[in-house]
file target10.cif (mmCIF, N, CA and C atoms)
data_work
#
loop_
_atom_site.label_atom_id
_atom_site.label_comp_id
_atom_site.auth_asym_id
_atom_site.auth_seq_id
_atom_site.Cartn_x
_atom_site.Cartn_y
_atom_site.Cartn_z
N MET A 17 121.13 140.81 64.93
CA MET A 17 120.27 140.25 65.95
C MET A 17 118.89 139.94 65.37
N THR A 18 118.35 140.88 64.59
CA THR A 18 117.04 140.66 63.98
C THR A 18 117.07 139.45 63.06
N LYS A 19 118.14 139.33 62.29
CA LYS A 19 118.26 138.22 61.35
C LYS A 19 118.22 136.88 62.10
N ALA A 20 118.90 136.81 63.23
CA ALA A 20 118.91 135.58 64.02
C ALA A 20 117.52 135.30 64.59
N ALA A 21 116.83 136.34 65.01
CA ALA A 21 115.50 136.18 65.59
C ALA A 21 114.49 135.69 64.56
N LEU A 22 114.69 136.07 63.31
CA LEU A 22 113.74 135.72 62.25
C LEU A 22 114.18 134.53 61.41
N ARG A 23 115.25 133.88 61.81
CA ARG A 23 115.80 132.76 61.03
C ARG A 23 114.76 131.69 60.74
N LYS A 24 113.97 131.29 61.75
CA LYS A 24 112.96 130.25 61.56
C LYS A 24 111.87 130.72 60.61
N THR A 25 111.47 131.98 60.73
CA THR A 25 110.45 132.52 59.83
C THR A 25 110.93 132.48 58.39
N TYR A 26 112.17 132.92 58.14
CA TYR A 26 112.70 132.90 56.78
C TYR A 26 112.86 131.47 56.26
N ALA A 27 113.22 130.55 57.13
CA ALA A 27 113.32 129.14 56.72
C ALA A 27 111.95 128.61 56.32
N ASP A 28 110.91 128.99 57.07
CA ASP A 28 109.55 128.57 56.73
C ASP A 28 109.12 129.16 55.39
N LEU A 29 109.46 130.42 55.13
CA LEU A 29 109.11 131.05 53.86
C LEU A 29 109.83 130.36 52.70
N ALA A 30 111.09 130.02 52.88
CA ALA A 30 111.84 129.32 51.83
C ALA A 30 111.23 127.95 51.56
N LEU A 31 110.81 127.25 52.60
CA LEU A 31 110.16 125.95 52.43
C LEU A 31 108.85 126.09 51.69
N MET A 32 108.06 127.11 52.03
CA MET A 32 106.80 127.36 51.36
C MET A 32 107.03 127.58 49.87
N GLU A 33 108.02 128.38 49.52
CA GLU A 33 108.30 128.64 48.11
C GLU A 33 108.79 127.38 47.40
N GLU A 34 109.55 126.56 48.08
CA GLU A 34 110.01 125.30 47.50
C GLU A 34 108.82 124.38 47.21
N ILE A 35 107.89 124.31 48.15
CA ILE A 35 106.69 123.48 47.95
C ILE A 35 105.89 123.98 46.75
N LEU A 36 105.76 125.30 46.62
CA LEU A 36 105.07 125.86 45.46
C LEU A 36 105.78 125.49 44.16
N ARG A 37 107.10 125.65 44.13
CA ARG A 37 107.87 125.35 42.91
C ARG A 37 107.67 123.90 42.47
N GLU A 38 107.56 123.00 43.42
CA GLU A 38 107.45 121.58 43.11
C GLU A 38 106.01 121.11 42.94
N SER A 39 105.03 122.00 43.10
CA SER A 39 103.62 121.61 43.12
C SER A 39 103.02 121.33 41.74
N GLY A 40 103.62 121.85 40.69
CA GLY A 40 103.02 121.71 39.37
C GLY A 40 101.90 122.72 39.11
N LEU A 41 101.63 123.57 40.07
CA LEU A 41 100.60 124.60 39.93
C LEU A 41 101.18 125.87 39.32
N ASP A 42 100.30 126.73 38.83
CA ASP A 42 100.71 128.08 38.46
C ASP A 42 100.67 128.93 39.73
N TRP A 43 101.70 129.68 39.99
CA TRP A 43 101.76 130.48 41.22
C TRP A 43 102.59 131.73 40.99
N THR A 44 102.35 132.70 41.81
CA THR A 44 103.16 133.91 41.90
C THR A 44 103.25 134.27 43.38
N VAL A 45 104.44 134.48 43.88
CA VAL A 45 104.66 134.86 45.27
C VAL A 45 104.93 136.36 45.31
N ILE A 46 104.24 137.06 46.18
CA ILE A 46 104.51 138.48 46.43
C ILE A 46 105.19 138.56 47.78
N ARG A 47 106.35 139.21 47.83
CA ARG A 47 107.15 139.31 49.06
C ARG A 47 107.14 140.75 49.59
N PRO A 48 106.17 141.08 50.42
CA PRO A 48 106.15 142.43 50.98
C PRO A 48 106.97 142.50 52.27
N PRO A 49 107.47 143.69 52.60
CA PRO A 49 108.05 143.89 53.93
C PRO A 49 106.91 144.13 54.93
N ARG A 50 107.15 144.87 55.97
CA ARG A 50 106.13 145.14 56.98
C ARG A 50 104.95 145.89 56.37
N LEU A 51 103.74 145.38 56.63
CA LEU A 51 102.53 145.97 56.05
C LEU A 51 101.98 147.09 56.92
N THR A 52 101.47 148.12 56.24
CA THR A 52 100.86 149.24 56.94
C THR A 52 99.41 149.40 56.48
N GLY A 53 98.67 150.23 57.17
CA GLY A 53 97.29 150.52 56.82
C GLY A 53 97.14 151.79 55.99
N LYS A 54 98.22 152.29 55.44
CA LYS A 54 98.16 153.52 54.65
C LYS A 54 97.38 153.29 53.35
N PRO A 55 96.90 154.36 52.73
CA PRO A 55 96.09 154.21 51.51
C PRO A 55 96.93 153.85 50.29
N LEU A 56 96.23 153.44 49.24
CA LEU A 56 96.84 153.13 47.96
C LEU A 56 97.50 154.37 47.37
N THR A 57 98.74 154.19 46.93
CA THR A 57 99.42 155.26 46.20
C THR A 57 99.68 154.84 44.76
N GLY A 58 99.80 153.53 44.54
CA GLY A 58 100.16 153.03 43.22
C GLY A 58 101.62 153.28 42.88
N SER A 59 102.37 153.81 43.84
CA SER A 59 103.79 154.12 43.66
C SER A 59 104.61 153.22 44.58
N TYR A 60 105.28 152.25 43.98
CA TYR A 60 106.10 151.31 44.74
C TYR A 60 107.12 150.69 43.79
N ARG A 61 108.13 150.07 44.39
CA ARG A 61 109.18 149.40 43.62
C ARG A 61 108.91 147.90 43.64
N THR A 62 109.30 147.21 42.56
CA THR A 62 109.22 145.76 42.52
C THR A 62 110.52 145.20 41.96
N ALA A 63 110.77 143.95 42.28
CA ALA A 63 111.93 143.25 41.73
C ALA A 63 111.59 141.77 41.62
N SER A 64 111.85 141.20 40.47
CA SER A 64 111.57 139.78 40.26
C SER A 64 112.66 138.93 40.90
N GLY A 65 112.23 137.98 41.70
CA GLY A 65 113.16 137.01 42.29
C GLY A 65 113.96 137.48 43.47
N GLN A 66 113.65 138.66 43.99
CA GLN A 66 114.43 139.15 45.14
C GLN A 66 113.62 140.16 45.96
N ASN A 67 114.04 140.31 47.19
CA ASN A 67 113.48 141.37 48.03
C ASN A 67 114.19 142.66 47.68
N LEU A 68 113.59 143.77 48.05
CA LEU A 68 114.16 145.08 47.72
C LEU A 68 114.97 145.64 48.87
N ARG A 69 116.12 146.17 48.55
CA ARG A 69 116.96 146.81 49.56
C ARG A 69 116.24 148.03 50.12
N ARG A 70 116.41 148.22 51.40
CA ARG A 70 115.80 149.34 52.12
C ARG A 70 114.27 149.35 51.99
N GLY A 71 113.71 148.21 51.69
CA GLY A 71 112.26 148.10 51.62
C GLY A 71 111.72 147.70 52.98
N LEU A 72 111.35 148.68 53.77
CA LEU A 72 110.93 148.41 55.14
C LEU A 72 109.43 148.33 55.32
N PHE A 73 108.68 149.08 54.53
CA PHE A 73 107.23 149.16 54.70
C PHE A 73 106.53 149.19 53.34
N ILE A 74 105.28 148.77 53.35
CA ILE A 74 104.42 148.89 52.17
C ILE A 74 102.97 148.81 52.66
N SER A 75 102.09 149.56 52.05
CA SER A 75 100.69 149.50 52.48
C SER A 75 100.02 148.24 51.92
N ARG A 76 99.07 147.73 52.67
CA ARG A 76 98.29 146.59 52.20
C ARG A 76 97.61 146.91 50.88
N ALA A 77 97.16 148.16 50.73
CA ALA A 77 96.48 148.57 49.50
C ALA A 77 97.43 148.49 48.30
N ASN A 78 98.68 148.87 48.48
CA ASN A 78 99.64 148.77 47.37
C ASN A 78 99.97 147.31 47.05
N VAL A 79 100.04 146.46 48.05
CA VAL A 79 100.27 145.03 47.80
C VAL A 79 99.09 144.46 47.03
N ALA A 80 97.87 144.80 47.43
CA ALA A 80 96.68 144.32 46.72
C ALA A 80 96.69 144.83 45.28
N HIS A 81 97.10 146.06 45.07
CA HIS A 81 97.19 146.65 43.73
C HIS A 81 98.13 145.82 42.85
N LEU A 82 99.30 145.48 43.39
CA LEU A 82 100.24 144.65 42.64
C LEU A 82 99.66 143.27 42.37
N MET A 83 99.05 142.67 43.38
CA MET A 83 98.49 141.32 43.21
C MET A 83 97.45 141.29 42.09
N LEU A 84 96.59 142.27 42.06
CA LEU A 84 95.59 142.33 41.00
C LEU A 84 96.25 142.56 39.64
N GLY A 85 97.30 143.36 39.62
CA GLY A 85 97.99 143.65 38.37
C GLY A 85 98.69 142.44 37.78
N VAL A 86 99.29 141.59 38.61
CA VAL A 86 100.03 140.44 38.08
C VAL A 86 99.11 139.34 37.57
N LEU A 87 97.83 139.38 37.94
CA LEU A 87 96.91 138.35 37.47
C LEU A 87 96.85 138.27 35.95
N GLU A 88 97.05 139.38 35.28
CA GLU A 88 96.97 139.42 33.82
C GLU A 88 98.34 139.49 33.16
N GLN A 89 99.38 139.12 33.89
CA GLN A 89 100.74 139.14 33.35
C GLN A 89 101.32 137.73 33.40
N PRO A 90 101.22 136.98 32.31
CA PRO A 90 101.70 135.59 32.31
C PRO A 90 103.18 135.47 32.66
N GLU A 91 103.96 136.52 32.42
CA GLU A 91 105.40 136.46 32.73
C GLU A 91 105.68 136.41 34.23
N THR A 92 104.66 136.66 35.06
CA THR A 92 104.86 136.59 36.51
C THR A 92 104.56 135.20 37.08
N ILE A 93 104.06 134.30 36.26
CA ILE A 93 103.80 132.93 36.73
C ILE A 93 105.13 132.26 37.03
N HIS A 94 105.18 131.57 38.15
CA HIS A 94 106.39 130.89 38.64
C HIS A 94 107.49 131.89 39.01
N ARG A 95 107.09 133.03 39.52
CA ARG A 95 108.03 134.06 39.94
C ARG A 95 107.69 134.53 41.36
N ALA A 96 108.72 134.95 42.06
CA ALA A 96 108.56 135.65 43.32
C ALA A 96 108.87 137.11 43.05
N ILE A 97 108.02 137.99 43.55
CA ILE A 97 108.18 139.43 43.29
C ILE A 97 108.28 140.17 44.61
N GLY A 98 109.39 140.84 44.80
CA GLY A 98 109.54 141.71 45.96
C GLY A 98 108.86 143.03 45.70
N ILE A 99 108.27 143.59 46.74
CA ILE A 99 107.59 144.90 46.62
C ILE A 99 107.95 145.73 47.85
N ALA A 100 108.14 147.02 47.65
CA ALA A 100 108.40 147.95 48.76
C ALA A 100 108.22 149.37 48.26
N ASN A 101 108.10 150.29 49.20
CA ASN A 101 108.03 151.71 48.84
C ASN A 101 109.36 152.18 48.32
#
call {"tool": "encode", "arguments": {"input": "target10.cif", "output": "structure tokens"}}
result
Amino acid sequence: MTKAALRKTYADLALMEEILRESGLDWTVIRPPRLTGKPLTGSYRTASGQNLRRGLFISRANVAHLMLGVLEQPETIHRAIGIAN
């Protein structure tokens, strides 16, 4: 039921990533699940090119930590990275 309810949202996200891929720009997509206001732990899982199984929540601080970290990693350019606790 949830999947059906979010079908349009996921279609929009797929379109956004397609537009980025075709843009000619350097980009990195971070795919977090539901964001929380919990503090930074620096402890989270990531996966290149996919979302993480059982990844339901992640703090905004941990997402920001990952985003800052990938800025200096050229191997993350043109990649989508899933993140979750």
call {"tool": "resolve_selection", "arguments": {"input": "target10.cif", "expression": "the PyMOL selection byres (((chain A and resi 56-66 and name CA) around 7) and name CA)", "output": "compact mmCIF listing (two decimals) with N, CA and C atoms, in the frame of the given file"}}
result
# COMPACT_ATOMS: atom_id res chain seq x y z
N LYS A 54 98.22 152.29 55.44
CA LYS A 54 98.16 153.52 54.65
C LYS A 54 97.38 153.29 53.35
N PRO A 55 96.90 154.36 52.73
CA PRO A 55 96.09 154.21 51.51
C PRO A 55 96.93 153.85 50.29
N ASN A 67 114.04 140.31 47.19
CA ASN A 67 113.48 141.37 48.03
C ASN A 67 114.19 142.66 47.68
N LEU A 68 113.59 143.77 48.05
CA LEU A 68 114.16 145.08 47.72
C LEU A 68 114.97 145.64 48.87
N SER A 75 102.09 149.56 52.05
CA SER A 75 100.69 149.50 52.48
C SER A 75 100.02 148.24 51.92
N ALA A 77 97.16 148.16 50.73
CA ALA A 77 96.48 148.57 49.50
C ALA A 77 97.43 148.49 48.30
N ASN A 78 98.68 148.87 48.48
CA ASN A 78 99.64 148.77 47.37
C ASN A 78 99.97 147.31 47.05
N ARG A 95 107.09 133.03 39.52
CA ARG A 95 108.03 134.06 39.94
C ARG A 95 107.69 134.53 41.36
N ALA A 96 108.72 134.95 42.06
CA ALA A 96 108.56 135.65 43.32
C ALA A 96 108.87 137.11 43.05
N ILE A 97 108.02 137.99 43.55
CA ILE A 97 108.18 139.43 43.29
C ILE A 97 108.28 140.17 44.61
N GLY A 98 109.39 140.84 44.80
CA GLY A 98 109.54 141.71 45.96
C GLY A 98 108.86 143.03 45.70
N ILE A 99 108.27 143.59 46.74
CA ILE A 99 107.59 144.90 46.62
C ILE A 99 107.95 145.73 47.85
N ALA A 100 108.14 147.02 47.65
CA ALA A 100 108.40 147.95 48.76
C ALA A 100 108.22 149.37 48.26
N ASN A 101 108.10 150.29 49.20
CA ASN A 101 108.03 151.71 48.84
C ASN A 101 109.36 152.18 48.32
call {"tool": "closest_residue", "arguments": {"input": "target10.cif", "among": "A:Glu38, A:Arg69, A:His94, A:Ile46", "to": "His81 of chain A", "atoms": "only C-alpha atoms"}}
result
A:Ile46
call {"tool": "atom_distance", "arguments": {"input": "target10.cif", "atom1": "atom C of Asp42 of chain A", "atom2": "atom CA of Thr92 of chain A"}}
result
9.3 Å
call {"tool": "atom_distance", "arguments": {"input": "target10.cif", "atom1": "atom CA of Arg50 of chain A", "atom2": "atom N of Leu36 of chain A"}}
result
22.4 Å
call {"tool": "axis_aligned_box", "arguments": {"input": "target10.cif", "around": "segment 75-91 of chain A", "padding_each_side": "5 Å", "output": "AutoDock Vina command-line options"}}
result
--center_x 100.6 --center_y 142.5 --center_z 42.5 --size_x 20.1 --size_y 24.1 --size_z 30.4
call {"tool": "select_by_dssp", "arguments": {"input": "target10.cif", "residues": "chain A", "states": "helix (DSSP H, G or I)", "output": "PyMOL selection string"}}
result
chain A and resi 18-21+23-38+76-86+90-92
call {"tool": "select_by_dssp", "arguments": {"input": "target10.cif", "residues": "chain A", "states": "strand (DSSP E or B)", "output": "list of chain:residue names"}}
result
A:Thr44, A:Val45, A:Ile46, A:Arg47, A:Arg50, A:Leu51, A:Thr52, A:Arg61, A:Thr62, A:Ala63, A:Ser64, A:Phe73, A:Ile74, A:Ser75, A:Arg95, A:Ala96, A:Ile97, A:Gly98, A:Ile99, A:Ala100
call {"tool": "atom_distance", "arguments": {"input": "target10.cif", "atom1": "atom CA of Glu91 of chain A", "atom2": "atom CA of Tyr26 of chain A"}}
result
25.4 Å
call {"tool": "resolve_selection", "arguments": {"input": "target10.cif", "expression": "the PyMOL selection byres (((chain A and resi 51 and name CA) around 9) and name CA)", "output": "JSON, numbers by chain"}}
result
{"A": [48, 49, 50, 52, 53, 54, 72, 73, 74, 75, 76, 79]}
call {"tool": "write_last_selection", "arguments": {"input": "target10.cif", "atoms": "N, CA and C atoms", "output": "CSV table (one decimal), in the frame of the given file"}}
result
chain,number,residue,atom,x,y,z
A,48,PRO,N,106.2,141.1,50.4
A,48,PRO,CA,106.2,142.4,51.0
A,48,PRO,C,107.0,142.5,52.3
A,49,PRO,N,107.5,143.7,52.6
A,49,PRO,CA,108.0,143.9,53.9
A,49,PRO,C,106.9,144.1,54.9
A,50,ARG,N,107.2,144.9,56.0
A,50,ARG,CA,106.1,145.1,57.0
A,50,ARG,C,105.0,145.9,56.4
A,52,THR,N,101.5,148.1,56.2
A,52,THR,CA,100.9,149.2,56.9
A,52,THR,C,99.4,149.4,56.5
A,53,GLY,N,98.7,150.2,57.2
A,53,GLY,CA,97.3,150.5,56.8
A,53,GLY,C,97.1,151.8,56.0
A,54,LYS,N,98.2,152.3,55.4
A,54,LYS,CA,98.2,153.5,54.6
A,54,LYS,C,97.4,153.3,53.4
A,72,LEU,N,111.4,148.7,53.8
A,72,LEU,CA,110.9,148.4,55.1
A,72,LEU,C,109.4,148.3,55.3
A,73,PHE,N,108.7,149.1,54.5
A,73,PHE,CA,107.2,149.2,54.7
A,73,PHE,C,106.5,149.2,53.3
A,74,ILE,N,105.3,148.8,53.4
A,74,ILE,CA,104.4,148.9,52.2
A,74,ILE,C,103.0,148.8,52.7
A,75,SER,N,102.1,149.6,52.0
A,75,SER,CA,100.7,149.5,52.5
A,75,SER,C,100.0,148.2,51.9
A,76,ARG,N,99.1,147.7,52.7
A,76,ARG,CA,98.3,146.6,52.2
A,76,ARG,C,97.6,146.9,50.9
A,79,VAL,N,100.0,146.5,48.0
A,79,VAL,CA,100.3,145.0,47.8
A,79,VAL,C,99.1,144.5,47.0
